[in-house]
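Visitor: I am sharing structure.csv, which consists of CSV, C-alpha atoms:
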```csv
chain,number,residue,atom,x,y,z
A,1,MET,CA,41.4,4.4,-4.7
A,2,THR,CA,39.3,7.1,-6.1
A,3,LEU,CA,39.5,5.7,-9.6
A,4,GLU,CA,39.5,2.3,-11.2
A,5,VAL,CA,40.2,1.8,-14.9
A,6,GLU,CA,39.5,-1.2,-17.0
A,7,MET,CA,41.2,-1.4,-20.4
A,8,LEU,CA,40.3,-3.7,-23.2
A,9,ILE,CA,41.8,-4.0,-26.7
A,10,LYS,CA,39.9,-5.2,-29.7
A,11,ARG,CA,41.8,-5.1,-33.0
A,12,ASN,CA,43.2,-1.5,-33.1
A,13,ILE,CA,40.7,-0.1,-30.6
A,14,LEU,CA,41.5,0.6,-27.0
A,15,TYR,CA,38.5,0.8,-24.7
A,16,ILE,CA,39.0,2.7,-21.4
A,17,ARG,CA,36.3,2.2,-18.8
A,18,PHE,CA,36.4,4.5,-15.8
A,19,THR,CA,34.9,4.0,-12.4
A,20,GLY,CA,35.1,6.7,-9.8
A,21,GLU,CA,36.6,10.2,-10.1
A,22,LEU,CA,39.2,11.4,-12.6
A,23,ASP,CA,41.3,14.4,-11.5
A,24,GLN,CA,45.0,15.5,-11.4
A,25,SER,CA,45.7,13.0,-8.6
A,26,ASN,CA,45.2,9.9,-10.8
A,27,VAL,CA,45.4,11.1,-14.4
A,28,GLU,CA,49.2,10.7,-14.7
A,29,LYS,CA,49.1,7.0,-14.0
A,30,ILE,CA,46.4,6.3,-16.6
A,31,LYS,CA,48.2,8.4,-19.1
A,32,VAL,CA,51.4,6.4,-18.9
A,33,LYS,CA,49.5,3.1,-19.3
A,34,VAL,CA,47.5,4.4,-22.3
A,35,ILE,CA,50.5,5.8,-24.1
A,36,GLU,CA,52.2,2.4,-23.6
A,37,LEU,CA,49.3,0.5,-25.0
A,38,ILE,CA,48.8,2.8,-28.0
A,39,GLU,CA,52.4,2.2,-29.0
A,40,LYS,CA,52.6,-1.5,-28.2
A,41,TYR,CA,49.4,-2.5,-29.9
A,42,HIS,CA,49.2,0.1,-32.7
A,43,ILE,CA,46.0,1.5,-31.4
A,44,ARG,CA,44.2,3.9,-33.7
A,45,TYR,CA,40.9,4.4,-31.9
A,46,LEU,CA,40.2,5.2,-28.3
A,47,VAL,CA,36.8,4.6,-26.8
A,48,PHE,CA,36.4,6.4,-23.4
A,49,ASN,CA,33.5,4.9,-21.5
A,50,PHE,CA,32.4,7.3,-18.8
A,51,LYS,CA,29.4,5.2,-17.6
A,52,HIS,CA,30.7,4.8,-14.1
A,53,LEU,CA,32.7,8.0,-13.9
A,54,ASN,CA,31.1,10.3,-11.3
A,55,PHE,CA,33.4,13.3,-11.7
A,56,MET,CA,36.0,14.7,-14.0
A,57,ASP,CA,37.7,18.1,-14.1
A,58,SER,CA,39.9,19.8,-16.7
A,59,SER,CA,42.8,17.4,-15.9
A,60,GLY,CA,40.7,14.8,-17.7
A,61,VAL,CA,40.1,17.2,-20.6
A,62,GLY,CA,43.9,17.8,-20.9
A,63,PHE,CA,44.5,14.0,-21.0
A,64,ILE,CA,42.0,13.6,-23.8
A,65,ILE,CA,43.5,16.5,-25.8
A,66,GLY,CA,46.9,14.9,-25.4
A,67,ARG,CA,45.7,11.6,-26.8
A,68,TYR,CA,43.9,13.3,-29.6
A,69,ASN,CA,47.1,15.0,-30.7
A,70,THR,CA,48.8,11.6,-30.8
A,71,LEU,CA,46.1,9.8,-32.7
A,72,LYS,CA,45.6,12.6,-35.1
A,73,LYS,CA,49.1,11.9,-36.5
A,74,ILE,CA,48.1,8.3,-37.4
A,75,GLU,CA,44.6,9.3,-38.6
A,76,GLY,CA,43.0,7.7,-35.6
A,77,SER,CA,40.2,9.2,-33.5
A,78,ILE,CA,38.6,9.3,-30.1
A,79,ILE,CA,35.1,8.3,-29.2
A,80,LEU,CA,33.5,9.4,-25.9
A,81,CYS,CA,30.5,7.6,-24.7
A,82,SER,CA,28.1,7.1,-21.7
A,83,MET,CA,28.7,10.5,-20.3
A,84,ASN,CA,26.7,11.8,-17.3
A,85,GLU,CA,25.4,15.3,-17.2
A,86,GLN,CA,28.5,16.7,-15.4
A,87,ILE,CA,30.9,15.2,-17.8
A,88,ARG,CA,28.8,16.2,-20.8
A,89,ARG,CA,28.8,19.9,-19.7
A,90,LEU,CA,32.6,19.8,-19.2
A,91,VAL,CA,33.0,18.2,-22.7
A,92,MET,CA,30.8,20.9,-24.3
A,93,LEU,CA,32.5,23.8,-22.4
A,94,SER,CA,35.9,22.7,-23.3
A,95,GLY,CA,35.1,22.0,-27.0
A,96,LEU,CA,36.1,18.4,-26.9
A,97,GLN,CA,33.0,17.5,-29.0
A,98,LYS,CA,34.7,19.3,-31.9
A,99,ILE,CA,37.7,16.9,-31.9
A,100,CYS,CA,36.0,13.7,-30.6
A,101,THR,CA,33.0,11.7,-31.6
A,102,ILE,CA,30.2,11.5,-29.0
A,103,LYS,CA,28.2,8.3,-28.8
A,104,LYS,CA,25.4,7.2,-26.5
A,105,ASP,CA,27.2,4.0,-25.2
A,106,GLU,CA,29.8,1.5,-26.1
A,107,GLU,CA,27.4,-0.4,-28.4
A,108,ASP,CA,26.9,2.7,-30.4
A,109,ALA,CA,30.6,3.3,-30.5
A,110,ASN,CA,31.1,-0.2,-31.9
A,111,ILE,CA,28.5,0.4,-34.6
A,112,PHE,CA,30.3,3.6,-35.5
A,113,LEU,CA,33.7,1.8,-35.6
A,114,GLY,CA,32.2,-1.1,-37.6
A,115,VAL,CA,33.0,-3.7,-35.1
A,116,ALA,CA,29.5,-4.4,-33.7
B,1,MET,CA,25.7,31.3,8.6
B,2,ASN,CA,28.3,28.6,8.6
B,3,LYS,CA,32.0,28.7,7.9
B,4,ILE,CA,34.8,26.1,7.6
B,5,MET,CA,38.5,26.7,7.2
B,6,ILE,CA,41.0,24.0,6.1
B,7,ASP,CA,44.7,24.1,5.8
B,8,MET,CA,46.1,21.2,3.9
B,9,GLN,CA,49.4,20.2,2.4
B,10,ALA,CA,49.9,20.8,-1.3
B,11,LYS,CA,49.6,17.1,-2.1
B,12,ILE,CA,47.7,16.3,-5.3
B,13,ASN,CA,45.7,13.6,-3.5
B,14,ASN,CA,44.2,16.4,-1.3
B,15,VAL,CA,42.3,17.7,-4.4
B,16,THR,CA,40.0,14.7,-3.9
B,17,PHE,CA,39.7,15.5,-0.2
B,18,ALA,CA,38.9,19.2,-0.9
B,19,ARG,CA,36.0,18.1,-3.3
B,20,GLY,CA,34.7,15.8,-0.6
B,21,ALA,CA,34.9,18.5,2.0
B,22,ILE,CA,32.8,21.0,0.1
B,23,ALA,CA,30.2,18.3,-0.8
B,24,THR,CA,30.0,17.5,2.9
B,25,PHE,CA,29.8,21.1,3.9
B,26,LEU,CA,26.7,21.5,1.7
B,27,VAL,CA,25.1,18.1,2.4
B,28,ASP,CA,22.1,19.5,4.2
B,29,LEU,CA,21.1,21.9,1.4
B,30,ASP,CA,18.8,20.6,-1.2
B,31,LEU,CA,21.0,21.3,-4.1
B,32,THR,CA,20.6,19.8,-7.6
B,33,LEU,CA,23.3,17.4,-8.7
B,34,ASN,CA,24.1,19.9,-11.4
B,35,THR,CA,24.8,22.7,-8.9
B,36,LEU,CA,26.7,20.5,-6.5
B,37,ASN,CA,28.9,19.3,-9.4
B,38,GLU,CA,29.6,22.9,-10.5
B,39,ILE,CA,30.8,23.7,-7.0
B,40,LYS,CA,32.9,20.6,-6.7
B,41,THR,CA,34.5,21.4,-10.1
B,42,ILE,CA,35.3,25.0,-9.0
B,43,VAL,CA,37.1,23.6,-5.9
B,44,SER,CA,38.8,20.9,-7.8
B,45,GLU,CA,40.2,23.3,-10.4
B,46,ALA,CA,41.3,26.0,-7.9
B,47,VAL,CA,43.1,23.5,-5.6
B,48,THR,CA,44.7,21.8,-8.6
B,49,ASN,CA,45.9,25.2,-9.7
B,50,ALA,CA,47.3,26.1,-6.3
B,51,ILE,CA,49.3,22.9,-6.1
B,52,VAL,CA,50.4,22.5,-9.7
B,53,HIS,CA,51.0,26.2,-10.6
B,54,GLY,CA,51.2,28.1,-7.3
B,55,TYR,CA,53.5,25.6,-5.6
B,56,GLN,CA,54.9,23.8,-8.6
B,57,ASN,CA,54.0,20.5,-6.8
B,58,ASP,CA,56.1,21.4,-3.6
B,59,GLU,CA,54.2,19.1,-1.2
B,60,GLU,CA,55.6,20.9,1.9
B,61,LYS,CA,53.6,24.0,1.2
B,62,MET,CA,50.1,24.6,2.5
B,63,VAL,CA,46.8,25.4,0.7
B,64,HIS,CA,44.2,27.4,2.6
B,65,LEU,CA,40.5,26.9,2.0
B,66,GLU,CA,37.5,28.8,3.4
B,67,PHE,CA,34.0,27.8,2.7
B,68,THR,CA,31.4,30.3,3.9
B,69,LEU,CA,27.6,30.0,3.6
B,70,GLU,CA,25.6,33.1,4.4
B,71,ASN,CA,21.9,32.5,3.8
B,72,THR,CA,22.0,31.3,0.2
B,73,LEU,CA,25.3,32.9,-0.7
B,74,LEU,CA,28.3,30.5,-0.9
B,75,THR,CA,31.8,31.9,-0.9
B,76,LEU,CA,34.7,29.7,-1.8
B,77,LEU,CA,38.2,31.0,-1.0
B,78,ILE,CA,41.3,29.1,-2.2
B,79,GLN,CA,44.6,30.5,-1.3
B,80,ASP,CA,48.2,29.7,-1.8
B,81,GLN,CA,51.5,31.5,-1.0
B,82,GLY,CA,53.2,30.3,-4.1
B,83,ILE,CA,54.8,31.9,-7.1
B,84,GLY,CA,51.8,34.1,-8.0
B,85,ILE,CA,50.5,35.0,-11.5
B,86,LYS,CA,52.3,37.6,-13.6
B,87,ASP,CA,49.4,38.4,-15.9
B,88,ILE,CA,46.0,37.5,-14.5
B,89,GLU,CA,44.1,38.4,-17.7
B,90,LYS,CA,46.3,36.2,-19.7
B,91,ALA,CA,46.0,33.3,-17.3
B,92,LYS,CA,42.2,33.6,-17.5
B,93,GLU,CA,42.2,33.2,-21.3
B,94,PRO,CA,40.7,29.9,-22.4
B,95,LEU,CA,43.3,27.4,-23.5
B,96,PHE,CA,46.2,29.5,-22.1
B,97,THR,CA,48.6,27.3,-20.2
B,98,THR,CA,52.1,27.6,-19.0
B,99,LYS,CA,52.4,23.8,-18.9
B,100,LEU,CA,51.7,22.7,-22.4
B,101,GLN,CA,54.0,19.8,-22.3
B,102,GLU,CA,52.2,18.4,-19.2
B,103,GLU,CA,48.9,18.4,-21.0
B,104,ARG,CA,47.1,21.0,-18.9
B,105,ALA,CA,44.0,22.0,-20.8
B,106,GLY,CA,44.3,25.6,-19.9
B,107,LEU,CA,40.6,25.7,-18.9
B,108,GLY,CA,40.7,25.9,-15.1
B,109,PHE,CA,40.0,29.6,-14.8
B,110,THR,CA,37.4,29.5,-17.6
B,111,ILE,CA,35.5,26.7,-16.0
B,112,MET,CA,35.6,28.3,-12.5
B,113,GLU,CA,34.3,31.6,-14.0
B,114,ILE,CA,31.4,29.9,-15.8
B,115,PHE,CA,30.4,27.9,-12.8
B,116,SER,CA,30.5,30.9,-10.4
B,117,ASP,CA,28.4,34.0,-10.2
B,118,THR,CA,31.5,36.1,-9.6
B,119,MET,CA,35.2,35.2,-9.5
B,120,ASP,CA,37.9,37.4,-8.1
B,121,VAL,CA,41.6,36.6,-8.5
B,122,ILE,CA,44.1,38.4,-6.3
B,123,SER,CA,47.7,37.6,-7.1
B,124,GLU,CA,51.1,38.9,-6.7
B,125,VAL,CA,54.3,37.4,-8.0
B,126,GLY,CA,56.3,35.8,-5.2
B,127,VAL,CA,53.5,36.3,-2.7
B,128,GLY,CA,50.7,34.0,-3.8
B,129,THR,CA,47.3,33.8,-5.2
B,130,THR,CA,43.8,34.0,-3.7
B,131,ILE,CA,40.7,32.9,-5.6
B,132,ILE,CA,37.3,34.0,-4.4
B,133,CYS,CA,34.3,32.5,-6.1
B,134,ARG,CA,30.8,33.4,-5.1
B,135,LYS,CA,27.6,31.6,-6.0
B,136,ASN,CA,24.1,32.2,-5.0
B,137,LEU,CA,22.5,28.8,-4.3
B,138,SER,CA,18.9,30.0,-4.6
B,139,SER,CA,19.2,31.3,-8.1
B,140,ASN,CA,20.1,28.0,-9.7
B,141,GLU,CA,17.4,26.4,-11.8
```
Mind turning the file's structure into structure tokens?
Guide:
Amino acid sequence: MTLEVEMLIKRNILYIRFTGELDQSNVEKIKVKVIELIEKYHIRYLVFNFKHLNFMDSSGVGFIIGRYNTLKKIEGSIILCSMNEQIRRLVMLSGLQKICTIKKDEEDANIFLGVA
Amino acid sequence: MNKIMIDMQAKINNVTFARGAIATFLVDLDLTLNTLNEIKTIVSEAVTNAIVHGYQNDEEKMVHLEFTLENTLLTLLIQDQGIGIKDIEKAKEPLFTTKLQEERAGLGFTIMEIFSDTMDVISEVGVGTTIICRKNLSSNE
């Protein structure tokens, strides 16, 4: 497996912690799971934790935009945290920082969401 | 000079392989992590495009790769014999995608262009697409 994903739910927040590499070969599986959890647990906030993600390409960007479009309708939002330099550049290039909140780490994300 | 050619089936898992292959090809060079990541991203985007767009996920088809290093000039060639691109300029526009419902970001070409020194796209409808990205590895940082 090139990617492992740990998901955790706290109130209406879904935390998605990636380990490995996110690309077109594994994005679809994660997408199905995340969509299911958002619906089932009335998730309004997604926290993407990239701490252990070594690589991401535009497949990952497409996935985040897709989730943004879903959460926008229910006035939710997306927080991206613990990005390495490669992922940060991709996020900036693709303009994701305009539709997502960027935080240093999960702790900062929790403070932002008022659940620290 | 060093050159490697790879023909691989258009299986989406081979995107990961292609990224690993280019990283291994360049392993002896003292590249910054940043430069290496740019190159891996170019390969990842181009191979994904070949499989998802060129071949519409037909796994029986083959994607052809050529990595060439001449002194410090790296040339990456990614070729498919798929459906081809009708309007290359349109395809290169940021956020343009023919697969909106599949959540493609429409950024593949934009990212490849930014991370390369030069990018050439040769494409003909019904014949296929060849992407040639060149990057001088001494001019980075």
Visitor: Applying 9 Å and all atoms listed in the file, which residues near region 17-32 of chain B remain after dropping the ones on its own chain fewer than 4 positions away? List them as a PDB file with C-alpha atoms, in the coordinates of the input.
Guide:
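As a result, selection-v1.pdb now contains:
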```pdb
ATOM      1  CA  ASN B   2      28.300  28.600   8.600  1.00  0.00           C
ATOM      2  CA  LYS B   3      32.000  28.700   7.900  1.00  0.00           C
ATOM      3  CA  ILE B   4      34.800  26.100   7.600  1.00  0.00           C
ATOM      4  CA  ILE B   6      41.000  24.000   6.100  1.00  0.00           C
ATOM      5  CA  MET B   8      46.100  21.200   3.900  1.00  0.00           C
ATOM      6  CA  ASN B  13      45.700  13.600  -3.500  1.00  0.00           C
ATOM      7  CA  LEU B  36      26.700  20.500  -6.500  1.00  0.00           C
ATOM      8  CA  ASN B  37      28.900  19.300  -9.400  1.00  0.00           C
ATOM      9  CA  ILE B  39      30.800  23.700  -7.000  1.00  0.00           C
ATOM     10  CA  LYS B  40      32.900  20.600  -6.700  1.00  0.00           C
ATOM     11  CA  THR B  41      34.500  21.400 -10.100  1.00  0.00           C
ATOM     12  CA  ILE B  42      35.300  25.000  -9.000  1.00  0.00           C
ATOM     13  CA  VAL B  43      37.100  23.600  -5.900  1.00  0.00           C
ATOM     14  CA  SER B  44      38.800  20.900  -7.800  1.00  0.00           C
ATOM     15  CA  VAL B  47      43.100  23.500  -5.600  1.00  0.00           C
ATOM     16  CA  LEU B  65      40.500  26.900   2.000  1.00  0.00           C
ATOM     17  CA  PHE B  67      34.000  27.800   2.700  1.00  0.00           C
ATOM     18  CA  LEU B  69      27.600  30.000   3.600  1.00  0.00           C
ATOM     19  CA  LEU B 137      22.500  28.800  -4.300  1.00  0.00           C
ATOM     20  CA  SER B 138      18.900  30.000  -4.600  1.00  0.00           C
ATOM     21  CA  ASN B 140      20.100  28.000  -9.700  1.00  0.00           C
ATOM     22  CA  GLU B 141      17.400  26.400 -11.800  1.00  0.00           C
TER      23      GLU B 141
END
```
Visitor: Pick out the closest residue to chain B from this set: A:Leu14, A:Ile99, A:Val91, A:Met56. Count only C-alpha atoms.
Guide: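 Looking at the shortest contact to chain B, the residue is A:Met56.
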Visitor: So how many Å separate CA of Asn49 (chain A) and CA of Ile79 (chain A), to one decimal?
Guide: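 Atom-to-atom, CA of Asn49 (chain A) to CA of Ile79 (chain A), that is 8.6 Å.
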Visitor: List every residue of chain A that has an atom at most 10 Å from any atom of chain B, giving for each one its closest atom pair and the distance in Å to one decimal, counting only C-alpha atoms, sorted by chain and then by ascending residue number, as JSON lines.
Guide:
```
{"residue": "A:Thr2", "atom": "CA", "partner": "B:Thr16", "partner_atom": "CA", "distance": 7.9}
{"residue": "A:Glu21", "atom": "CA", "partner": "B:Thr16", "partner_atom": "CA", "distance": 8.4}
{"residue": "A:Leu22", "atom": "CA", "partner": "B:Thr16", "partner_atom": "CA", "distance": 9.3}
{"residue": "A:Asp23", "atom": "CA", "partner": "B:Thr16", "partner_atom": "CA", "distance": 7.7}
{"residue": "A:Gln24", "atom": "CA", "partner": "B:Ile12", "partner_atom": "CA", "distance": 6.7}
{"residue": "A:Ser25", "atom": "CA", "partner": "B:Ile12", "partner_atom": "CA", "distance": 5.1}
{"residue": "A:Asn26", "atom": "CA", "partner": "B:Asn13", "partner_atom": "CA", "distance": 8.2}
{"residue": "A:Glu28", "atom": "CA", "partner": "B:Glu102", "partner_atom": "CA", "distance": 9.4}
{"residue": "A:Asn54", "atom": "CA", "partner": "B:Asn37", "partner_atom": "CA", "distance": 9.5}
{"residue": "A:Phe55", "atom": "CA", "partner": "B:Asn37", "partner_atom": "CA", "distance": 7.8}
{"residue": "A:Met56", "atom": "CA", "partner": "B:Thr41", "partner_atom": "CA", "distance": 7.9}
{"residue": "A:Asp57", "atom": "CA", "partner": "B:Thr41", "partner_atom": "CA", "distance": 6.1}
{"residue": "A:Ser58", "atom": "CA", "partner": "B:Ala105", "partner_atom": "CA", "distance": 6.2}
{"residue": "A:Ser59", "atom": "CA", "partner": "B:Arg104", "partner_atom": "CA", "distance": 6.4}
{"residue": "A:Gly60", "atom": "CA", "partner": "B:Ala105", "partner_atom": "CA", "distance": 8.5}
{"residue": "A:Val61", "atom": "CA", "partner": "B:Ala105", "partner_atom": "CA", "distance": 6.2}
{"residue": "A:Gly62", "atom": "CA", "partner": "B:Ala105", "partner_atom": "CA", "distance": 4.2}
{"residue": "A:Phe63", "atom": "CA", "partner": "B:Glu103", "partner_atom": "CA", "distance": 6.2}
{"residue": "A:Ile64", "atom": "CA", "partner": "B:Glu103", "partner_atom": "CA", "distance": 8.9}
{"residue": "A:Ile65", "atom": "CA", "partner": "B:Ala105", "partner_atom": "CA", "distance": 7.4}
{"residue": "A:Gly66", "atom": "CA", "partner": "B:Glu103", "partner_atom": "CA", "distance": 6.0}
{"residue": "A:Arg67", "atom": "CA", "partner": "B:Glu103", "partner_atom": "CA", "distance": 9.5}
{"residue": "A:Glu85", "atom": "CA", "partner": "B:Asn34", "partner_atom": "CA", "distance": 7.5}
{"residue": "A:Gln86", "atom": "CA", "partner": "B:Asn37", "partner_atom": "CA", "distance": 6.6}
{"residue": "A:Ile87", "atom": "CA", "partner": "B:Asn37", "partner_atom": "CA", "distance": 9.6}
{"residue": "A:Arg89", "atom": "CA", "partner": "B:Asn34", "partner_atom": "CA", "distance": 9.5}
{"residue": "A:Leu90", "atom": "CA", "partner": "B:Ile111", "partner_atom": "CA", "distance": 8.1}
{"residue": "A:Leu93", "atom": "CA", "partner": "B:Ile111", "partner_atom": "CA", "distance": 7.6}
{"residue": "A:Ser94", "atom": "CA", "partner": "B:Leu107", "partner_atom": "CA", "distance": 7.1}
```
Visitor: Do you have the CA of Ser77 (chain A)-CA of Ile13 (chain A) distance handy?
Guide: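 These two atoms are separated by 9.8 Å.
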Visitor: Neighbours of His42 (chain A) within 12 Å (only C-alpha atoms; same-chain residues fewer than 3 positions away dropped), as a ChimeraX atom specification?
Guide: /A:9-14,34-39,45-46,70-71,74-76
Visitor: Could you tell me how far CA of Phe112 (chain A) lies from CA of Ile43 (chain A), in Å and to one decimal?
Guide: 16.4 Å
Visitor: Might you pull out every residue within 6 Å of Thr130 (chain B), with all atoms listed in the file counted and same-chain residues fewer than 3 positions away left off, and present them as a list of chain:residue names?
Guide: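 Final neighbour list, sorted by chain and number: B:Ile78, B:Gln79, B:Val121, B:Ile122.
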Visitor: Check the smallest atom-to-atom distance from each of B:Asp80, B:Glu93, B:Asp87, B:Glu66 to His53 (chain B) using only C-alpha atoms, then report the winner.
Guide: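 Of all the options, B:Asp80 lies closest to His53 (chain B).
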Visitor: Set the distance at 7 Å and use all atoms listed in the file: which residues neighbour Met119 (chain B) once local chain neighbours fewer than 2 positions away are removed? I'd like the list as a list in words.
Guide: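 Residues meeting the cut-off are Glu113, Ser116, Asp117, Val121, Ile132, Cys133 and Arg134 of chain B.
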Visitor: Starting from the incomplete input, reconstruct all heavy atoms of region 27-36 of chain A and write that as a tab-separated table (two decimals), keeping the file's coordinate frame.
Guide:
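Writing the result to result38.tsv gives the following:
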```
chain	number	residue	atom	x	y	z
A	27	VAL	N	45.36	11.09	-12.97
A	27	VAL	CA	45.40	11.10	-14.40
A	27	VAL	C	46.75	10.68	-14.99
A	27	VAL	O	46.83	10.06	-16.04
A	27	VAL	CB	44.99	12.55	-14.95
A	27	VAL	CG1	46.11	13.56	-14.76
A	27	VAL	CG2	44.58	12.50	-16.41
A	28	GLU	N	47.82	10.97	-14.25
A	28	GLU	CA	49.20	10.70	-14.70
A	28	GLU	C	49.42	9.19	-14.93
A	28	GLU	O	50.01	8.77	-15.92
A	28	GLU	CB	50.19	11.30	-13.77
A	28	GLU	CG	51.51	11.65	-14.40
A	28	GLU	CD	51.40	12.65	-15.56
A	28	GLU	OE1	50.49	13.50	-15.56
A	28	GLU	OE2	52.23	12.55	-16.48
A	29	LYS	N	48.94	8.42	-13.97
A	29	LYS	CA	49.10	7.00	-14.00
A	29	LYS	C	48.41	6.35	-15.22
A	29	LYS	O	48.95	5.48	-15.90
A	29	LYS	CB	48.57	6.34	-12.72
A	29	LYS	CG	49.61	5.52	-11.97
A	29	LYS	CD	49.12	5.15	-10.60
A	29	LYS	CE	48.52	3.76	-10.56
A	29	LYS	NZ	48.01	3.43	-9.20
A	30	ILE	N	47.20	6.83	-15.45
A	30	ILE	CA	46.40	6.30	-16.60
A	30	ILE	C	47.09	6.69	-17.89
A	30	ILE	O	47.17	5.90	-18.83
A	30	ILE	CB	44.98	6.97	-16.57
A	30	ILE	CG1	44.33	6.85	-15.20
A	30	ILE	CG2	44.09	6.35	-17.66
A	30	ILE	CD1	44.17	5.48	-14.69
A	31	LYS	N	47.59	7.92	-17.92
A	31	LYS	CA	48.20	8.40	-19.10
A	31	LYS	C	49.42	7.56	-19.55
A	31	LYS	O	49.52	7.16	-20.71
A	31	LYS	CB	48.72	9.87	-18.85
A	31	LYS	CG	49.37	10.56	-20.01
A	31	LYS	CD	49.76	11.97	-19.61
A	31	LYS	CE	51.12	12.33	-20.13
A	31	LYS	NZ	51.55	13.66	-19.65
A	32	VAL	N	50.26	7.23	-18.60
A	32	VAL	CA	51.40	6.40	-18.90
A	32	VAL	C	51.03	5.06	-19.48
A	32	VAL	O	51.57	4.60	-20.47
A	32	VAL	CB	52.27	6.19	-17.58
A	32	VAL	CG1	53.36	5.16	-17.78
A	32	VAL	CG2	52.85	7.52	-17.10
A	33	LYS	N	50.02	4.46	-18.86
A	33	LYS	CA	49.50	3.10	-19.30
A	33	LYS	C	48.94	3.23	-20.72
A	33	LYS	O	49.24	2.39	-21.58
A	33	LYS	CB	48.46	2.66	-18.31
A	33	LYS	CG	48.00	1.25	-18.54
A	33	LYS	CD	49.05	0.24	-18.07
A	33	LYS	CE	48.72	-1.16	-18.59
A	33	LYS	NZ	49.89	-2.04	-18.56
A	34	VAL	N	48.13	4.26	-20.96
A	34	VAL	CA	47.50	4.40	-22.30
A	34	VAL	C	48.49	4.66	-23.37
A	34	VAL	O	48.42	4.05	-24.44
A	34	VAL	CB	46.39	5.52	-22.21
A	34	VAL	CG1	45.87	5.87	-23.61
A	34	VAL	CG2	45.22	5.09	-21.32
A	35	ILE	N	49.46	5.51	-23.10
A	35	ILE	CA	50.50	5.80	-24.10
A	35	ILE	C	51.25	4.50	-24.45
A	35	ILE	O	51.51	4.20	-25.62
A	35	ILE	CB	51.50	6.86	-23.56
A	35	ILE	CG1	50.81	8.22	-23.53
A	35	ILE	CG2	52.76	6.94	-24.44
A	35	ILE	CD1	51.64	9.33	-22.88
A	36	GLU	N	51.55	3.71	-23.43
A	36	GLU	CA	52.20	2.40	-23.60
A	36	GLU	C	51.43	1.49	-24.51
A	36	GLU	O	51.95	0.89	-25.45
A	36	GLU	CB	52.49	1.82	-22.24
A	36	GLU	CG	53.30	0.55	-22.24
A	36	GLU	CD	53.16	-0.19	-20.92
A	36	GLU	OE1	53.22	0.46	-19.87
A	36	GLU	OE2	52.96	-1.42	-20.96
```
